[in-house]
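Undergrad: Below are the structure tokens for one structure; questions will follow.
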Amino acid sequence: MTSRGAVLGVLMLLLVACGACGSPPGTAVPRPVVPGDWRLVFHDDFDGPRLDKGRWTTCYDWNERGCTISTNNELEWYQPGQATVSGGKLTLSAQRRAVRGSDGKVYPWVSGMISTGRDDWYAQPRKTFTYGYFEAAVRIPEQGGMAPEFWMMPANRYTPPEVDIMEFLGTTRRLSMFVHWRNAEGAERKERGTFTASGFPDGYHLFGLLWEKDRLVWYVDGVERFRVTAPERIPHVPMEVILNLAVGLPYTPPPGTDSARMLVDWVRVWQR
């Protein structure tokens with residue numbers, strides 16, 4: 001190889017290693033990180049003209065003309081029209097628009113979510129998973145008062161257990177990672193890991209979870225950030241996968257904030 005060819009070869013290797021280096025913020029999506037020789041069992045690249053209803057529903061299992069989690073005192077009422085697919089990505093849109101929920105309460109915001117669960121309490125979930133590697137490429141909103149989330153709840157519709165792969169609770173800098181469980185006396189317990197960095201709203205980032213019989217390991221852009229191995233904290237039940245954009249958890253959006261968007265480029269699940 002000539003010296004010029006050697007230089008070009010080195011440059012190509014650097015480009016491959018760098019991946020999206022130098023791309024404008026938000027335009028480059030990291031590649032998935034797969035833990036070894038596993039098989040892909042579920043994926044959505046959101047390449048179609050609309051949300052694939054065979055893979056996703058747009059509410060929790062307690063859907064009745066919309067839904068929310070009332071115990072969290074969230075401000076949004078989830079509506080199907082707030083989860084849209086276009087240009088190869090999913091957009092979950094939060095908007096300041098008052099709506100009366102089926103529970104009789106008036107919610108000041110509407111927002112979007114997707115779940116592999118049911119269309120209603122008595123239906124069957126679309127897809128559940130017990131153990132695996134779960135990963136999504138997500139760009140969180142920059143607005144305050146938002147809580148973008150990527151998590152899993154049991155297929156029996158009761159928590160805990162619960163595993164929160166990614167939560168930004170009222171901040172765009174500090175990622176929270178939780179596992180919820182019940183102790184031997186039946187009391188609810190949780191363990192939290194955090195990772196703080198700037199720039200999360202500027203582009204897509206990979207949020208991953210390795211769930212095996214003896215461990216839970218959280219990853220951000222392929223780097224381990226939190227690990228739980230205590231046996232009583234590891235769930236062993238089928239779970240549904242959920243992505244949502246909650247509002248007002250734990251802080252109300254500031255005055256002048258009337259909308260926000262959470263973007264998802266893809267979601268994938270691998271199993272052994």
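All residue names refer to the structure tokens as shown: chains lettered A, B, ... in order, residues numbered from 1 in each chain, ligands numbered from 1 in order.
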If you take only C-alpha atoms and a cut-off of 9 Å, which residues of range 228-258 of chain A touch range 128-137 of chain A, and what are their nearest atom pairs and distances in Å to one decimal, in chain and number order, as a tab-separated table?
TA:
```
residue	atom	partner	partner_atom	distance
A:Pro235	CA	A:Thr130	CA	8.6
A:His236	CA	A:Thr130	CA	6.6
A:Val237	CA	A:Thr130	CA	6.0
A:Pro238	CA	A:Thr130	CA	4.6
A:Met239	CA	A:Thr128	CA	5.1
A:Glu240	CA	A:Thr128	CA	4.9
A:Val241	CA	A:Thr128	CA	7.4
```
Undergrad: Those same residues - all heavy atoms - I'd like them written as a PDB file, in the first residue's frame.
TA:
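File produced: selection-v9.pdb:
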```pdb
ATOM      1  N   PRO A 235     -36.584  -9.396  38.629  1.00  0.00           N
ATOM      2  CA  PRO A 235     -37.904  -9.944  38.277  1.00  0.00           C
ATOM      3  C   PRO A 235     -37.777 -11.215  37.451  1.00  0.00           C
ATOM      4  O   PRO A 235     -36.799 -11.405  36.720  1.00  0.00           O
ATOM      5  CB  PRO A 235     -38.542  -8.821  37.468  1.00  0.00           C
ATOM      6  CG  PRO A 235     -37.393  -8.054  36.899  1.00  0.00           C
ATOM      7  CD  PRO A 235     -36.275  -8.159  37.897  1.00  0.00           C
ATOM      8  N   HIS A 236     -38.800 -12.063  37.536  1.00  0.00           N
ATOM      9  CA  HIS A 236     -38.826 -13.326  36.787  1.00  0.00           C
ATOM     10  C   HIS A 236     -40.201 -13.559  36.175  1.00  0.00           C
ATOM     11  O   HIS A 236     -40.665 -14.696  36.100  1.00  0.00           O
ATOM     12  CB  HIS A 236     -38.451 -14.490  37.707  1.00  0.00           C
ATOM     13  CG  HIS A 236     -37.136 -14.329  38.403  1.00  0.00           C
ATOM     14  ND1 HIS A 236     -35.924 -14.462  37.755  1.00  0.00           N
ATOM     15  CD2 HIS A 236     -36.853 -13.999  39.693  1.00  0.00           C
ATOM     16  CE1 HIS A 236     -34.940 -14.256  38.617  1.00  0.00           C
ATOM     17  NE2 HIS A 236     -35.478 -13.963  39.796  1.00  0.00           N
ATOM     18  N   VAL A 237     -40.856 -12.476  35.761  1.00  0.00           N
ATOM     19  CA  VAL A 237     -42.205 -12.561  35.202  1.00  0.00           C
ATOM     20  C   VAL A 237     -42.229 -11.912  33.827  1.00  0.00           C
ATOM     21  O   VAL A 237     -41.396 -11.047  33.519  1.00  0.00           O
ATOM     22  CB  VAL A 237     -43.228 -11.872  36.118  1.00  0.00           C
ATOM     23  CG1 VAL A 237     -43.278 -12.573  37.477  1.00  0.00           C
ATOM     24  CG2 VAL A 237     -42.913 -10.385  36.287  1.00  0.00           C
ATOM     25  N   PRO A 238     -43.173 -12.293  32.954  1.00  0.00           N
ATOM     26  CA  PRO A 238     -43.278 -11.651  31.637  1.00  0.00           C
ATOM     27  C   PRO A 238     -43.581 -10.161  31.781  1.00  0.00           C
ATOM     28  O   PRO A 238     -44.373  -9.749  32.621  1.00  0.00           O
ATOM     29  CB  PRO A 238     -44.441 -12.388  30.975  1.00  0.00           C
ATOM     30  CG  PRO A 238     -44.557 -13.682  31.712  1.00  0.00           C
ATOM     31  CD  PRO A 238     -44.158 -13.390  33.120  1.00  0.00           C
ATOM     32  N   MET A 239     -42.933  -9.385  30.921  1.00  0.00           N
ATOM     33  CA  MET A 239     -43.073  -7.926  30.981  1.00  0.00           C
ATOM     34  C   MET A 239     -43.498  -7.366  29.623  1.00  0.00           C
ATOM     35  O   MET A 239     -43.131  -7.901  28.568  1.00  0.00           O
ATOM     36  CB  MET A 239     -41.746  -7.282  31.383  1.00  0.00           C
ATOM     37  CG  MET A 239     -41.261  -7.624  32.777  1.00  0.00           C
ATOM     38  SD  MET A 239     -41.928  -6.494  33.991  1.00  0.00           S
ATOM     39  CE  MET A 239     -40.677  -6.624  35.277  1.00  0.00           C
ATOM     40  N   GLU A 240     -44.226  -6.255  29.680  1.00  0.00           N
ATOM     41  CA  GLU A 240     -44.546  -5.462  28.496  1.00  0.00           C
ATOM     42  C   GLU A 240     -43.553  -4.311  28.390  1.00  0.00           C
ATOM     43  O   GLU A 240     -43.073  -3.795  29.403  1.00  0.00           O
ATOM     44  CB  GLU A 240     -45.964  -4.895  28.609  1.00  0.00           C
ATOM     45  CG  GLU A 240     -47.040  -5.958  28.779  1.00  0.00           C
ATOM     46  CD  GLU A 240     -48.376  -5.398  29.176  1.00  0.00           C
ATOM     47  OE1 GLU A 240     -48.490  -4.165  29.384  1.00  0.00           O
ATOM     48  OE2 GLU A 240     -49.335  -6.197  29.305  1.00  0.00           O
ATOM     49  N   VAL A 241     -43.257  -3.893  27.161  1.00  0.00           N
ATOM     50  CA  VAL A 241     -42.334  -2.781  26.918  1.00  0.00           C
ATOM     51  C   VAL A 241     -43.143  -1.514  26.649  1.00  0.00           C
ATOM     52  O   VAL A 241     -44.119  -1.532  25.888  1.00  0.00           O
ATOM     53  CB  VAL A 241     -41.413  -3.088  25.725  1.00  0.00           C
ATOM     54  CG1 VAL A 241     -40.596  -1.861  25.327  1.00  0.00           C
ATOM     55  CG2 VAL A 241     -40.482  -4.253  26.065  1.00  0.00           C
TER      56      VAL A 241
END
```
Undergrad: Mind checking which residues fall within 12 Å of Val106 in chain A, counting only C-alpha atoms, ignoring those fewer than 5 positions away in the same chain, and posting them as a list in words?
TA: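 Listed by chain and then number, they are Thr68, Ser70, Glu74, Leu75, Glu76, Trp77, Arg97, Ala98, Val99, Arg100 and Gly101 of chain A.
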Undergrad: Using only C-alpha atoms, can you tell me which of A:Gln95, A:Thr159, A:Thr57, A:Thr172 comes closest to Gly186 in chain A?
TA: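 Once distances to Gly186 in chain A are computed over only C-alpha atoms, the minimum belongs to A:Thr159.
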Undergrad: Taking 3 positions as the minimum chain separation for residues in the same chain, which residues sit within 12 Å of Gly66 in chain A when counting only C-alpha atoms? Answer as a PyMOL selection string.
TA: chain A and resi 57-63+69+76-82+99-104+107+110-114+119-120
Undergrad: Point out the residue among A:His205, A:Lys105, A:Lys127, A:Arg227 with the least atom-to-atom distance to Gly54 in chain A, counting only C-alpha atoms.
TA: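 Nearest to Gly54 in chain A: A:Lys127.
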